[in-house]
>>> print(open('start.cif').read())   # mmCIF, C-alpha atoms and all ligand atoms
data_my_file
loop_
_atom_site.label_atom_id
_atom_site.label_comp_id
_atom_site.auth_asym_id
_atom_site.auth_seq_id
_atom_site.Cartn_x
_atom_site.Cartn_y
_atom_site.Cartn_z
CA GLN U 1 96.66 51.32 61.06
CA SER U 2 100.26 52.44 61.63
CA ALA U 3 101.34 53.62 65.06
CA PHE U 4 103.13 56.36 63.14
CA GLY U 5 100.06 57.72 61.36
CA ALA U 6 100.48 61.07 63.10
CA VAL U 7 104.03 61.61 61.81
CA GLN U 8 104.12 64.80 59.78
CA GLN U 9 106.00 65.16 56.52
CA ALA U 10 109.27 66.92 57.37
CA PRO U 11 110.51 69.68 55.08
CA GLU U 12 113.32 68.71 52.74
CA ASP U 13 116.79 69.84 53.85
CA PRO U 14 117.05 73.14 51.98
CA LEU U 15 120.67 72.66 50.91
CA PHE U 16 120.33 69.10 49.72
CA GLY U 17 117.07 70.06 47.95
CA LEU U 18 118.96 72.80 46.16
CA MET U 19 121.59 70.32 45.00
CA ALA U 20 118.91 68.03 43.60
CA ALA U 21 117.31 70.92 41.67
CA TYR U 22 120.71 71.87 40.25
CA ARG U 23 121.36 68.33 39.06
CA LYS U 24 118.02 68.27 37.26
CA ASP U 25 118.64 71.54 35.43
CA GLU U 26 119.78 70.78 31.89
CA ASP U 27 120.90 74.28 30.91
CA SER U 28 124.60 74.37 30.01
CA LYS U 29 125.08 77.74 31.70
CA LYS U 30 123.96 76.48 35.12
CA VAL U 31 126.05 77.52 38.11
CA ASP U 32 126.12 75.74 41.48
CA LEU U 33 126.85 78.13 44.35
CA GLY U 34 125.00 76.08 46.96
CA ILE U 35 126.91 73.42 48.78
CA GLY U 36 130.04 74.25 50.75
CA ALA U 37 132.49 71.98 49.00
CA TYR U 38 135.59 73.11 47.15
CA ARG U 39 135.58 72.95 43.36
CA ASP U 40 138.51 73.47 41.03
CA ASN U 41 138.53 75.94 38.17
CA ASN U 42 136.57 73.42 36.07
CA ALA U 43 133.84 73.18 38.71
CA LYS U 44 135.00 69.67 39.59
CA PRO U 45 135.65 68.19 43.05
CA TRP U 46 139.35 68.37 43.85
CA VAL U 47 141.24 65.54 45.52
CA LEU U 48 144.15 67.30 47.21
CA PRO U 49 147.40 65.95 45.71
CA VAL U 50 148.71 65.32 49.21
CA VAL U 51 145.60 63.31 50.07
CA LYS U 52 146.03 61.27 46.89
CA LYS U 53 149.61 60.53 47.92
CA ALA U 54 148.65 59.49 51.45
CA ASP U 55 145.78 57.42 50.10
CA ASP U 56 148.11 55.56 47.70
CA ARG U 57 150.52 54.87 50.54
CA LEU U 58 147.74 53.50 52.71
CA ARG U 59 146.42 51.24 49.97
CA ASP U 60 149.89 49.83 49.38
CA ASP U 61 150.32 49.01 53.06
CA PRO U 62 150.12 45.20 53.35
CA ASN U 63 149.33 45.50 57.06
CA LEU U 64 146.21 47.61 56.58
CA ASN U 65 143.15 45.94 58.03
CA HIS U 66 139.61 46.89 58.90
CA GLU U 67 139.63 46.38 62.65
CA TYR U 68 137.74 48.71 64.96
CA LEU U 69 139.49 51.84 66.15
CA PRO U 70 139.51 52.48 69.91
CA ILE U 71 136.47 54.37 71.28
CA ALA U 72 138.37 57.68 71.28
CA GLY U 73 139.66 57.04 67.78
CA LEU U 74 143.12 56.81 66.25
CA ALA U 75 145.57 58.12 68.86
CA ASN U 76 148.11 59.47 66.31
CA PHE U 77 145.28 61.38 64.71
CA THR U 78 143.84 62.97 67.85
CA THR U 79 147.26 63.90 69.21
CA ALA U 80 148.23 65.56 65.94
CA SER U 81 144.84 67.27 65.81
CA GLN U 82 145.40 68.84 69.22
CA LYS U 83 148.71 70.26 68.04
CA LEU U 84 147.23 71.49 64.83
CA VAL U 85 144.52 73.50 66.49
CA LEU U 86 146.29 74.59 69.70
CA GLY U 87 149.83 74.96 68.37
CA ASP U 88 152.81 72.60 68.68
CA ASP U 89 154.00 73.95 71.99
CA SER U 90 150.70 74.76 73.62
CA PRO U 91 151.03 74.64 77.43
CA ALA U 92 147.52 73.20 77.57
CA ILE U 93 148.85 70.09 75.80
CA SER U 94 152.06 69.76 77.81
CA GLU U 95 150.13 70.28 81.05
CA LYS U 96 147.72 67.49 79.99
CA ARG U 97 144.72 69.79 80.11
CA VAL U 98 143.33 68.60 76.78
CA VAL U 99 141.31 65.50 76.10
CA SER U 100 140.38 64.65 72.52
CA LEU U 101 138.14 62.18 70.74
CA GLN U 102 137.94 61.45 67.06
CA THR U 103 134.42 62.18 65.81
CA VAL U 104 132.20 61.78 62.78
CA SER U 105 133.62 64.92 61.17
CA GLY U 106 132.65 68.37 62.46
CA THR U 107 128.96 67.53 62.76
CA GLY U 108 129.76 64.62 65.08
CA ALA U 109 132.06 66.84 67.13
CA VAL U 110 129.37 69.49 67.55
CA HIS U 111 126.90 66.80 68.51
CA LEU U 112 129.24 65.18 71.04
CA GLY U 113 130.00 68.60 72.50
CA GLY U 114 126.32 69.48 72.73
CA LEU U 115 125.46 66.15 74.33
CA PHE U 116 128.32 66.43 76.80
CA LEU U 117 127.38 69.97 77.87
CA SER U 118 123.73 69.06 78.07
CA LYS U 119 124.56 66.27 80.52
CA PHE U 120 127.53 67.58 82.46
CA TYR U 121 127.76 71.36 82.29
CA THR U 122 126.60 72.61 85.67
CA PRO U 123 126.72 76.38 85.91
CA SER U 124 125.31 77.84 89.13
CA ASN U 125 122.14 79.02 87.43
CA SER U 126 120.04 76.57 85.41
CA GLU U 127 119.14 79.36 83.00
CA SER U 128 122.77 79.52 81.88
CA LYS U 129 122.47 76.13 80.29
CA ALA U 130 121.39 77.86 77.06
CA ILE U 131 123.77 77.93 74.10
CA HIS U 132 123.91 81.25 72.28
CA VAL U 133 124.53 81.01 68.56
CA SER U 134 125.17 83.82 66.11
CA SER U 135 122.29 85.07 64.02
CA PRO U 136 122.63 83.68 61.43
CA THR U 137 124.64 80.52 61.96
CA TRP U 138 125.22 77.16 60.23
CA ALA U 139 121.66 75.85 60.06
CA ASN U 140 122.60 72.47 61.50
CA HIS U 141 123.63 74.04 64.83
CA ASN U 142 119.99 74.61 65.67
CA GLN U 143 118.97 71.04 64.89
CA ILE U 144 121.90 69.48 66.70
CA PHE U 145 121.48 71.45 69.92
CA SER U 146 117.72 71.00 70.01
CA ASN U 147 118.23 67.23 69.60
CA VAL U 148 120.27 67.18 72.80
CA ASN U 149 117.86 69.49 74.62
CA LEU U 150 120.16 72.46 74.96
CA PRO U 151 118.03 75.61 74.92
CA ILE U 152 119.14 77.85 72.04
CA LYS U 153 119.39 81.63 72.07
CA THR U 154 120.90 83.93 69.48
CA TYR U 155 123.19 86.93 69.45
CA PRO U 156 123.32 89.53 66.64
CA TYR U 157 126.20 89.00 64.25
CA PHE U 158 125.67 90.27 60.74
CA SER U 159 125.00 93.89 59.86
CA LYS U 160 122.73 94.18 56.84
CA GLU U 161 123.93 97.75 56.32
CA THR U 162 127.67 97.14 56.18
CA LYS U 163 127.46 93.44 55.26
CA GLY U 164 130.13 93.09 57.93
CA LEU U 165 130.15 92.28 61.64
CA ASP U 166 127.53 93.84 63.91
CA PHE U 167 130.14 94.08 66.63
CA ASP U 168 128.16 96.44 68.89
CA GLY U 169 125.11 94.20 68.69
CA MET U 170 127.16 91.11 69.43
CA VAL U 171 128.97 92.69 72.36
CA SER U 172 125.87 94.10 74.00
CA SER U 173 124.14 90.75 73.67
CA LEU U 174 127.08 88.96 75.30
CA LYS U 175 127.08 91.54 78.08
CA SER U 176 123.44 90.86 78.84
CA ALA U 177 123.66 87.04 78.61
CA THR U 178 123.05 85.10 81.82
CA GLU U 179 126.32 84.38 83.58
CA GLY U 180 127.78 81.03 82.64
CA SER U 181 125.95 80.76 79.31
CA ILE U 182 127.53 78.76 76.51
CA ILE U 183 128.56 80.86 73.51
CA LEU U 184 129.09 79.21 70.16
CA LEU U 185 131.87 80.90 68.21
CA HIS U 186 132.99 80.13 64.66
CA ALA U 187 136.77 79.95 64.91
CA CYS U 188 137.25 81.40 61.41
CA ALA U 189 135.42 81.83 58.11
CA HIS U 190 131.99 82.18 59.69
CA ASN U 191 129.30 80.14 57.94
CA PRO U 192 127.11 81.48 56.34
CA THR U 193 128.37 85.09 56.33
CA GLY U 194 132.14 84.88 55.69
CA VAL U 195 132.48 87.65 58.30
CA ASP U 196 134.97 87.23 61.16
CA PRO U 197 135.89 89.49 64.08
CA THR U 198 139.31 91.17 63.83
CA GLN U 199 141.97 90.10 66.33
CA ASP U 200 141.28 93.23 68.35
CA GLN U 201 137.57 92.44 68.38
CA TRP U 202 138.31 88.85 69.48
CA LYS U 203 140.27 90.29 72.40
CA GLN U 204 137.29 92.40 73.43
CA ILE U 205 134.95 89.41 73.10
CA SER U 206 137.30 87.39 75.28
CA THR U 207 137.36 90.11 77.96
CA ILE U 208 133.56 90.26 78.12
CA MET U 209 133.27 86.49 78.19
CA LYS U 210 135.76 86.31 81.05
CA GLU U 211 133.86 88.93 83.01
CA LYS U 212 130.57 87.09 82.58
CA SER U 213 132.03 83.58 82.96
CA LEU U 214 130.67 82.66 79.54
CA PHE U 215 131.70 79.27 78.19
CA PRO U 216 133.33 79.25 74.71
CA PHE U 217 132.21 76.52 72.32
CA PHE U 218 134.43 76.81 69.22
CA ASP U 219 133.35 75.36 65.92
CA CYS U 220 136.41 75.15 63.68
CA ALA U 221 135.47 73.83 60.25
CA TYR U 222 137.84 75.83 58.03
CA GLN U 223 141.32 75.94 59.58
CA GLY U 224 143.84 76.73 56.85
CA PHE U 225 141.13 76.84 54.24
CA ALA U 226 140.14 80.42 55.08
CA SER U 227 143.35 82.43 54.99
CA GLY U 228 145.67 79.75 53.66
CA SER U 229 147.55 79.80 56.99
CA LEU U 230 146.81 77.17 59.62
CA SER U 231 148.02 79.36 62.47
CA THR U 232 146.19 82.52 61.38
CA ASP U 233 142.93 80.59 61.20
CA ALA U 234 143.46 79.12 64.67
CA TRP U 235 144.42 82.46 66.21
CA ALA U 236 141.16 83.08 68.08
CA ILE U 237 141.09 79.61 69.65
CA ARG U 238 144.73 79.85 70.72
CA TYR U 239 144.14 83.30 72.18
CA PHE U 240 141.18 82.08 74.26
CA VAL U 241 143.19 79.11 75.51
CA GLU U 242 146.02 81.48 76.48
CA GLN U 243 143.52 83.53 78.44
CA GLY U 244 142.87 80.48 80.58
CA PHE U 245 139.32 79.66 79.52
CA GLU U 246 137.85 76.24 80.00
CA LEU U 247 136.42 75.52 76.56
CA VAL U 248 135.58 73.02 73.86
CA ILE U 249 136.63 72.84 70.20
CA CYS U 250 134.96 71.01 67.34
CA GLN U 251 137.32 70.34 64.46
CA SER U 252 136.37 69.26 60.96
CA TYR U 253 138.75 67.96 58.30
CA ALA U 254 136.06 68.00 55.61
CA LYS U 255 137.14 71.22 53.91
CA ASN U 256 140.83 71.60 54.68
CA PHE U 257 141.67 68.03 53.57
CA GLY U 258 138.77 67.71 51.15
CA LEU U 259 137.79 64.58 53.11
CA TYR U 260 134.09 65.49 53.12
CA GLY U 261 132.53 62.04 52.87
CA GLU U 262 135.20 60.30 54.91
CA ARG U 263 133.93 62.04 58.06
CA ALA U 264 137.20 62.89 59.79
CA GLY U 265 137.02 65.27 62.75
CA ALA U 266 137.79 65.69 66.41
CA PHE U 267 136.35 67.05 69.62
CA HIS U 268 138.65 68.65 72.18
CA PHE U 269 137.92 69.60 75.77
CA VAL U 270 140.41 72.01 77.34
CA THR U 271 140.51 72.61 81.09
CA SER U 272 141.73 75.86 82.68
CA PRO U 273 145.15 75.78 84.31
CA GLY U 274 144.92 74.90 88.00
CA SER U 275 145.78 72.31 90.57
CA HIS U 276 143.08 69.79 89.62
CA ALA U 277 143.23 70.42 85.89
CA GLN U 278 144.73 67.07 84.92
CA GLU U 279 142.33 65.12 87.07
CA THR U 280 139.29 67.01 85.74
CA THR U 281 140.46 66.50 82.17
CA SER U 282 140.85 62.80 82.69
CA ARG U 283 137.44 62.44 84.33
CA VAL U 284 135.80 64.41 81.54
CA GLY U 285 137.55 62.15 79.03
CA SER U 286 136.12 59.06 80.70
CA GLN U 287 132.58 60.41 80.42
CA LEU U 288 133.08 61.48 76.82
CA ALA U 289 134.18 57.94 76.05
CA ILE U 290 130.94 56.56 77.51
CA LEU U 291 128.90 58.98 75.40
CA GLN U 292 130.86 58.09 72.29
CA ARG U 293 130.44 54.36 72.93
CA SER U 294 126.67 54.64 73.16
CA GLU U 295 126.40 56.85 70.09
CA ILE U 296 128.83 55.44 67.53
CA SER U 297 130.92 52.84 69.42
CA ASN U 298 134.03 54.03 67.62
CA PRO U 299 134.70 56.45 64.76
CA PRO U 300 135.31 55.64 61.08
CA ALA U 301 138.93 54.80 60.33
CA TYR U 302 139.89 55.58 56.76
CA GLY U 303 139.71 59.37 56.64
CA ALA U 304 141.47 59.67 59.97
CA ARG U 305 144.26 57.40 58.71
CA ILE U 306 144.79 59.65 55.71
CA ALA U 307 144.75 62.80 57.83
CA SER U 308 147.03 61.22 60.41
CA LEU U 309 149.63 60.24 57.81
CA ILE U 310 149.78 63.81 56.56
CA LEU U 311 149.69 65.49 59.96
CA ASN U 312 152.53 63.32 61.27
CA ASP U 313 154.89 63.51 58.27
CA LYS U 314 156.91 66.68 57.78
CA GLU U 315 157.09 66.42 54.02
CA LEU U 316 153.44 65.60 53.53
CA PHE U 317 152.48 68.34 55.96
CA ALA U 318 154.40 70.91 53.92
CA GLN U 319 152.69 69.72 50.77
CA TRP U 320 149.33 70.00 52.51
CA GLU U 321 150.07 73.64 53.36
CA GLU U 322 150.76 74.17 49.67
CA ASP U 323 147.42 72.57 48.74
CA LEU U 324 145.66 74.78 51.29
CA ARG U 325 147.16 77.84 49.64
CA THR U 326 145.97 76.58 46.27
CA MET U 327 142.37 76.37 47.50
CA SER U 328 142.29 79.56 49.51
CA GLY U 329 144.21 81.39 46.77
CA ARG U 330 141.73 80.42 44.08
CA ILE U 331 138.84 81.51 46.27
CA LYS U 332 140.48 84.86 46.97
CA GLU U 333 141.01 85.35 43.24
CA MET U 334 137.34 84.67 42.60
CA ARG U 335 136.35 87.19 45.25
CA LYS U 336 138.52 89.78 43.55
CA ALA U 337 137.20 88.94 40.10
CA LEU U 338 133.57 89.10 41.18
CA ARG U 339 133.94 92.39 43.00
CA THR U 340 135.89 93.98 40.14
CA LYS U 341 133.34 92.86 37.59
CA LEU U 342 130.36 94.18 39.59
CA GLU U 343 132.09 97.49 40.23
CA GLU U 344 133.02 97.85 36.55
CA LYS U 345 129.42 97.28 35.59
CA LYS U 346 128.32 99.82 38.21
CA THR U 347 125.91 97.28 39.57
CA PRO U 348 123.75 99.13 42.15
CA GLY U 349 125.03 98.75 45.73
CA THR U 350 128.48 98.35 47.26
CA TRP U 351 130.56 95.24 46.69
CA ASN U 352 133.58 95.62 48.96
CA HIS U 353 132.10 92.97 51.26
CA ILE U 354 132.82 90.33 48.61
CA THR U 355 136.56 90.73 49.22
CA ASP U 356 136.26 91.71 52.90
CA GLN U 357 134.55 88.43 53.75
CA ILE U 358 136.70 85.28 53.86
CA GLY U 359 136.50 81.53 53.45
CA MET U 360 134.10 79.34 51.56
CA PHE U 361 131.08 81.63 51.71
CA SER U 362 129.98 85.10 50.92
CA PHE U 363 126.80 86.70 52.15
CA THR U 364 126.01 88.74 49.06
CA GLY U 365 123.11 90.78 50.38
CA LEU U 366 120.88 89.52 47.55
CA ASN U 367 117.30 89.12 48.76
CA GLU U 368 115.04 86.12 48.39
CA ALA U 369 113.25 87.43 45.30
CA GLN U 370 116.58 88.14 43.60
CA VAL U 371 117.87 84.69 44.51
CA GLN U 372 114.75 83.15 43.03
CA ARG U 373 115.11 85.13 39.81
CA LEU U 374 118.74 84.10 39.53
CA ARG U 375 117.66 80.51 39.74
CA GLU U 376 114.64 80.66 37.44
CA LYS U 377 115.96 82.94 34.78
CA TYR U 378 119.74 82.43 34.94
CA HIS U 379 120.12 78.86 36.27
CA VAL U 380 122.24 80.08 39.18
CA TYR U 381 121.69 78.10 42.39
CA MET U 382 122.31 79.52 45.87
CA THR U 383 120.59 79.37 49.25
CA LYS U 384 117.70 81.79 49.64
CA ASN U 385 119.49 83.85 52.30
CA GLY U 386 121.78 85.11 49.53
CA ARG U 387 124.79 83.01 50.52
CA ILE U 388 127.08 81.88 47.73
CA SER U 389 129.78 79.25 47.90
CA MET U 390 132.76 81.06 46.42
CA ALA U 391 134.24 77.73 45.36
CA GLY U 392 131.46 77.37 42.79
CA LEU U 393 132.86 80.34 40.86
CA ASN U 394 135.67 79.94 38.33
CA THR U 395 137.20 81.83 35.44
CA ASN U 396 134.62 80.28 33.09
CA ASN U 397 131.49 81.40 34.96
CA VAL U 398 132.36 84.44 37.07
CA ASP U 399 131.51 86.89 34.29
CA TYR U 400 128.22 85.16 33.62
CA PHE U 401 127.41 85.22 37.34
CA ALA U 402 128.26 88.92 37.64
CA ASP U 403 126.11 89.70 34.60
CA SER U 404 123.23 87.74 36.13
CA VAL U 405 123.55 89.51 39.48
CA ASP U 406 123.67 92.83 37.70
CA ALA U 407 120.47 91.98 35.83
CA VAL U 408 118.51 91.00 38.94
CA VAL U 409 119.51 93.92 41.15
CA ARG U 410 118.80 96.62 38.56
N1 LIG U 501 130.43 73.67 61.40
C1 LIG U 501 130.33 74.56 60.43
C2 LIG U 501 130.26 75.99 60.76
C3 LIG U 501 130.30 74.14 59.10
O1 LIG U 501 130.21 75.05 58.13
C4 LIG U 501 130.36 72.77 58.82
C5 LIG U 501 130.26 72.30 57.43
O2 LIG U 501 129.69 72.90 56.58
C6 LIG U 501 130.50 71.88 59.89
C7 LIG U 501 130.53 72.36 61.16
C8 LIG U 501 130.63 70.39 59.79
O3 LIG U 501 130.81 69.78 58.64
P1 LIG U 501 131.28 68.27 58.56
O4 LIG U 501 130.37 67.49 59.44
O5 LIG U 501 131.11 67.94 57.13
O6 LIG U 501 132.67 68.23 59.03
#
>>> encode(input="start.cif", output="structure tokens", more="lines below")
Ligand code: PLP
Amino acid sequence: QSAFGAVQQAPEDPLFGLMAAYRKDEDSKKVDLGIGAYRDNNAKPWVLPVVKKADDRLRDDPNLNHEYLPIAGLANFTTASQKLVLGDDSPAISEKRVVSLQTVSGTGAVHLGGLFLSKFYTPSNSESKAIHVSSPTWANHNQIFSNVNLPIKTYPYFSKETKGLDFDGMVSSLKSATEGSIILLHACAHNPTGVDPTQDQWKQISTIMKEKSLFPFFDCAYQGFASGSLSTDAWAIRYFVEQGFELVICQSYAKNFGLYGERAGAFHFVTSPGSHAQETTSRVGSQLAILQRSEISNPPAYGARIASLILNDKELFAQWEEDLRTMSGRIKEMRKALRTKLEEKKTPGTWNHITDQIGMFSFTGLNEAQVQRLREKYHVYMTKNGRISMAGLNTNNVDYFADSVDAVVR
């Protein structure tokens, strides 16, 4: 008799289950709009040319070894990561108010941040310990924060009517949150909706959060991948730092470097300006190091080495920006093509949201029954909330996809 006889069968991860179903489908017309990974116009994974170059250089380096990295990771990588997200001449960096650790990609950063806040965040009211996430949000947020015992609440985000931001709903929820609550914000290219606040709306969000002493927890998984500009995509974070917030940032290099499986990412803690800022930052850093040591000892090296080479070399960096524009440009073209096609066909409904939304994903507004019909009848795979990965579309399948959508919504 096993001591684990009472363990229940867990549901399959919906996204990875979807991928498996797609792989099994033998129809030649099949379309994969599930997983959030970039594909080129031939629906193939794309190794960024700049990453290939850095990788070749690394492999040719006779001094490369497989020693452990320090607990906080590769220093050249974390330092460059701070600059990338906060800006080269961020006062927070020069005033030594930032402490950074290399993490197991964005997921590891979110986990480390959640664990750290769960242990060390001490707002005056114990109720404020909750983390408020957008409804909907990246599904893994819920699992990660519940694993570290942070109570989770939600704030409205997506308007079903406009398929844009429910700004009023979001704002009134923030206004009524308990003082000191943690608010998870997607820095850009919100997953799963593709809907971001405008800069003016970010300013209003910041004002409310200041008034209520809310704590910003930024998840930044798409810098440069969303708009094609690294600084545009970091605008909200930089604005909040300028406003003097104490905050955390989780940074993923999965999408913008295409380093998905190499698990390169970083976690940054930024202290507010003030007389004890440096000391607080350094003490926080020491505790983060203890957490990291007990969880992963030290982070994986290879992906960070590639990223670090590119981030610290002017020429490679410029080529990276070019590669980012290639990816974001292709996605924008697909948004345009899909919208145009649906509007030409007079497919019932409005389709402006396809080009209004940005980044990897689009929340199409298709309902669960329509999603199911797309899969069963047309071999098109997407998550049942109607989210499509724009990167799965290309000039060979966008017409077929639009025709299929048209058929299921009529
Ligand atoms: N946060 C958000 C919002 C994401 O969409 C993702 C990836 O899909 C991540 C974090 C982390 O991804 P990774 O762990 O692959 O860096």
>>> residues_near_ligand(input="start.cif", ligand="ligand LIG 501 (chain U)", cutoff="9 Å", atoms="all atoms listed in the file", output="PDB file with C-alpha atoms, in the frame of the given file")
ATOM      1  CA  ILE U  35     126.910  73.420  48.780  1.00  0.00           C
ATOM      2  CA  GLY U  36     130.040  74.250  50.750  1.00  0.00           C
ATOM      3  CA  ALA U  37     132.490  71.980  49.000  1.00  0.00           C
ATOM      4  CA  VAL U 104     132.200  61.780  62.780  1.00  0.00           C
ATOM      5  CA  SER U 105     133.620  64.920  61.170  1.00  0.00           C
ATOM      6  CA  GLY U 106     132.650  68.370  62.460  1.00  0.00           C
ATOM      7  CA  THR U 107     128.960  67.530  62.760  1.00  0.00           C
ATOM      8  CA  GLY U 108     129.760  64.620  65.080  1.00  0.00           C
ATOM      9  CA  ALA U 109     132.060  66.840  67.130  1.00  0.00           C
ATOM     10  CA  VAL U 110     129.370  69.490  67.550  1.00  0.00           C
ATOM     11  CA  THR U 137     124.640  80.520  61.960  1.00  0.00           C
ATOM     12  CA  TRP U 138     125.220  77.160  60.230  1.00  0.00           C
ATOM     13  CA  ALA U 139     121.660  75.850  60.060  1.00  0.00           C
ATOM     14  CA  ASN U 140     122.600  72.470  61.500  1.00  0.00           C
ATOM     15  CA  HIS U 141     123.630  74.040  64.830  1.00  0.00           C
ATOM     16  CA  HIS U 186     132.990  80.130  64.660  1.00  0.00           C
ATOM     17  CA  ALA U 187     136.770  79.950  64.910  1.00  0.00           C
ATOM     18  CA  CYS U 188     137.250  81.400  61.410  1.00  0.00           C
ATOM     19  CA  ALA U 189     135.420  81.830  58.110  1.00  0.00           C
ATOM     20  CA  HIS U 190     131.990  82.180  59.690  1.00  0.00           C
ATOM     21  CA  ASN U 191     129.300  80.140  57.940  1.00  0.00           C
ATOM     22  CA  PRO U 192     127.110  81.480  56.340  1.00  0.00           C
ATOM     23  CA  ASP U 219     133.350  75.360  65.920  1.00  0.00           C
ATOM     24  CA  CYS U 220     136.410  75.150  63.680  1.00  0.00           C
ATOM     25  CA  ALA U 221     135.470  73.830  60.250  1.00  0.00           C
ATOM     26  CA  TYR U 222     137.840  75.830  58.030  1.00  0.00           C
ATOM     27  CA  CYS U 250     134.960  71.010  67.340  1.00  0.00           C
ATOM     28  CA  GLN U 251     137.320  70.340  64.460  1.00  0.00           C
ATOM     29  CA  SER U 252     136.370  69.260  60.960  1.00  0.00           C
ATOM     30  CA  TYR U 253     138.750  67.960  58.300  1.00  0.00           C
ATOM     31  CA  ALA U 254     136.060  68.000  55.610  1.00  0.00           C
ATOM     32  CA  LYS U 255     137.140  71.220  53.910  1.00  0.00           C
ATOM     33  CA  LEU U 259     137.790  64.580  53.110  1.00  0.00           C
ATOM     34  CA  TYR U 260     134.090  65.490  53.120  1.00  0.00           C
ATOM     35  CA  GLY U 261     132.530  62.040  52.870  1.00  0.00           C
ATOM     36  CA  GLU U 262     135.200  60.300  54.910  1.00  0.00           C
ATOM     37  CA  ARG U 263     133.930  62.040  58.060  1.00  0.00           C
ATOM     38  CA  ALA U 264     137.200  62.890  59.790  1.00  0.00           C
ATOM     39  CA  GLY U 265     137.020  65.270  62.750  1.00  0.00           C
ATOM     40  CA  MET U 360     134.100  79.340  51.560  1.00  0.00           C
TER      41      MET U 360
END
>>> atom_distance(input="start.cif", atom1="CA of Leu184 in chain U", atom2="CA of Phe361 in chain U")
18.7 Å
>>> atom_distance(input="start.cif", atom1="CA of Ala301 in chain U", atom2="CA of Leu74 in chain U")
7.5 Å
>>> atom_distance(input="start.cif", atom1="CA of Arg238 in chain U", atom2="CA of Asn147 in chain U")
29.4 Å
>>> closest_residue(input="start.cif", among="U:Leu112, U:Asn256, U:Ala337, U:Thr78", to="Ser294 in chain U", atoms="all atoms listed in the file")
U:Leu112
>>> closest_atom_pairs(input="start.cif", of="range 317-367 of chain U", to="range 371-391 of chain U", cutoff="10 Å", atoms="all atoms listed in the file", output="tab-separated table")
residue	atom	partner	partner_atom	distance
U:Met327	CA	U:Ala391	CA	8.5
U:Ser328	CA	U:Ala391	CA	9.2
U:Arg330	CA	U:Ala391	CA	8.1
U:Ile331	CA	U:Ala391	CA	6.0
U:Lys332	CA	U:Met390	CA	8.6
U:Glu333	CA	U:Met390	CA	9.8
U:Met334	CA	U:Met390	CA	7.0
U:Arg335	CA	U:Met390	CA	7.2
U:Leu338	CA	U:Met390	CA	9.6
U:Ile354	CA	U:Met390	CA	9.5
U:Ile358	CA	U:Met390	CA	9.4
U:Gly359	CA	U:Met390	CA	8.0
U:Met360	CA	U:Met390	CA	5.6
U:Phe361	CA	U:Ser389	CA	4.7
U:Ser362	CA	U:Ile388	CA	5.4
U:Phe363	CA	U:Arg387	CA	4.5
U:Thr364	CA	U:Gly386	CA	5.6
U:Gly365	CA	U:Gly386	CA	5.9
U:Leu366	CA	U:Gly386	CA	4.9
U:Asn367	CA	U:Gly386	CA	6.1
>>> residues_near_point(input="start.cif", point="(140.5, 82.4, 66.7)", cutoff="12 Å", atoms="all atoms listed in the file", output="NGL selection string")
:U and (85-86 or 185-190 or 196-203 or 205-206 or 216-224 or 226 or 230-242 or 249)
>>> residues_around(input="start.cif", residues="Met209 in chain U", least_positions_apart="5", cutoff="9 Å", atoms="all atoms listed in the file", output="count of residues only")
8
>>> residues_near_point(input="start.cif", point="(121.4, 86.6, 66.1)", cutoff="12 Å", atoms="all atoms listed in the file", output="JSON, numbers by chain")
{"U": [132, 133, 134, 135, 136, 137, 138, 152, 153, 154, 155, 156, 157, 158, 159, 165, 166, 167, 169, 170, 171, 172, 173, 174, 183, 184]}
>>> closest_residue(input="start.cif", among="U:Ala54, U:Ile208, U:Ala130, U:Val195", to="His353 in chain U", atoms="all atoms listed in the file")
U:Val195
>>> closest_residue(input="start.cif", among="U:His268, U:Lys346, U:Arg23, U:Lys53", to="Thr79 in chain U", atoms="all atoms listed in the file")
U:His268
>>> decode(input="start.cif", residues="range 313-320 of chain U", atoms="N, CA and C atoms", output="CSV table (one decimal), in the first residue's frame")
chain,number,residue,atom,x,y,z
U,313,ASP,N,28.2,44.0,-26.2
U,313,ASP,CA,28.9,44.2,-27.4
U,313,ASP,C,28.1,45.1,-28.4
U,314,LYS,N,28.6,46.3,-28.6
U,314,LYS,CA,27.8,47.3,-29.4
U,314,LYS,C,27.3,46.8,-30.7
U,315,GLU,N,28.2,46.1,-31.4
U,315,GLU,CA,27.8,45.6,-32.8
U,315,GLU,C,26.8,44.5,-32.7
U,316,LEU,N,27.0,43.6,-31.8
U,316,LEU,CA,26.0,42.5,-31.6
U,316,LEU,C,24.7,43.1,-31.1
U,317,PHE,N,24.8,44.0,-30.3
U,317,PHE,CA,23.5,44.7,-29.7
U,317,PHE,C,22.7,45.3,-30.9
U,318,ALA,N,23.4,46.0,-31.8
U,318,ALA,CA,22.7,46.6,-32.9
U,318,ALA,C,22.1,45.5,-33.8
U,319,GLN,N,22.8,44.4,-33.9
U,319,GLN,CA,22.2,43.4,-34.8
U,319,GLN,C,21.0,42.7,-34.1
U,320,TRP,N,21.1,42.7,-32.8
U,320,TRP,CA,19.9,42.1,-32.0
U,320,TRP,C,18.7,43.0,-32.2
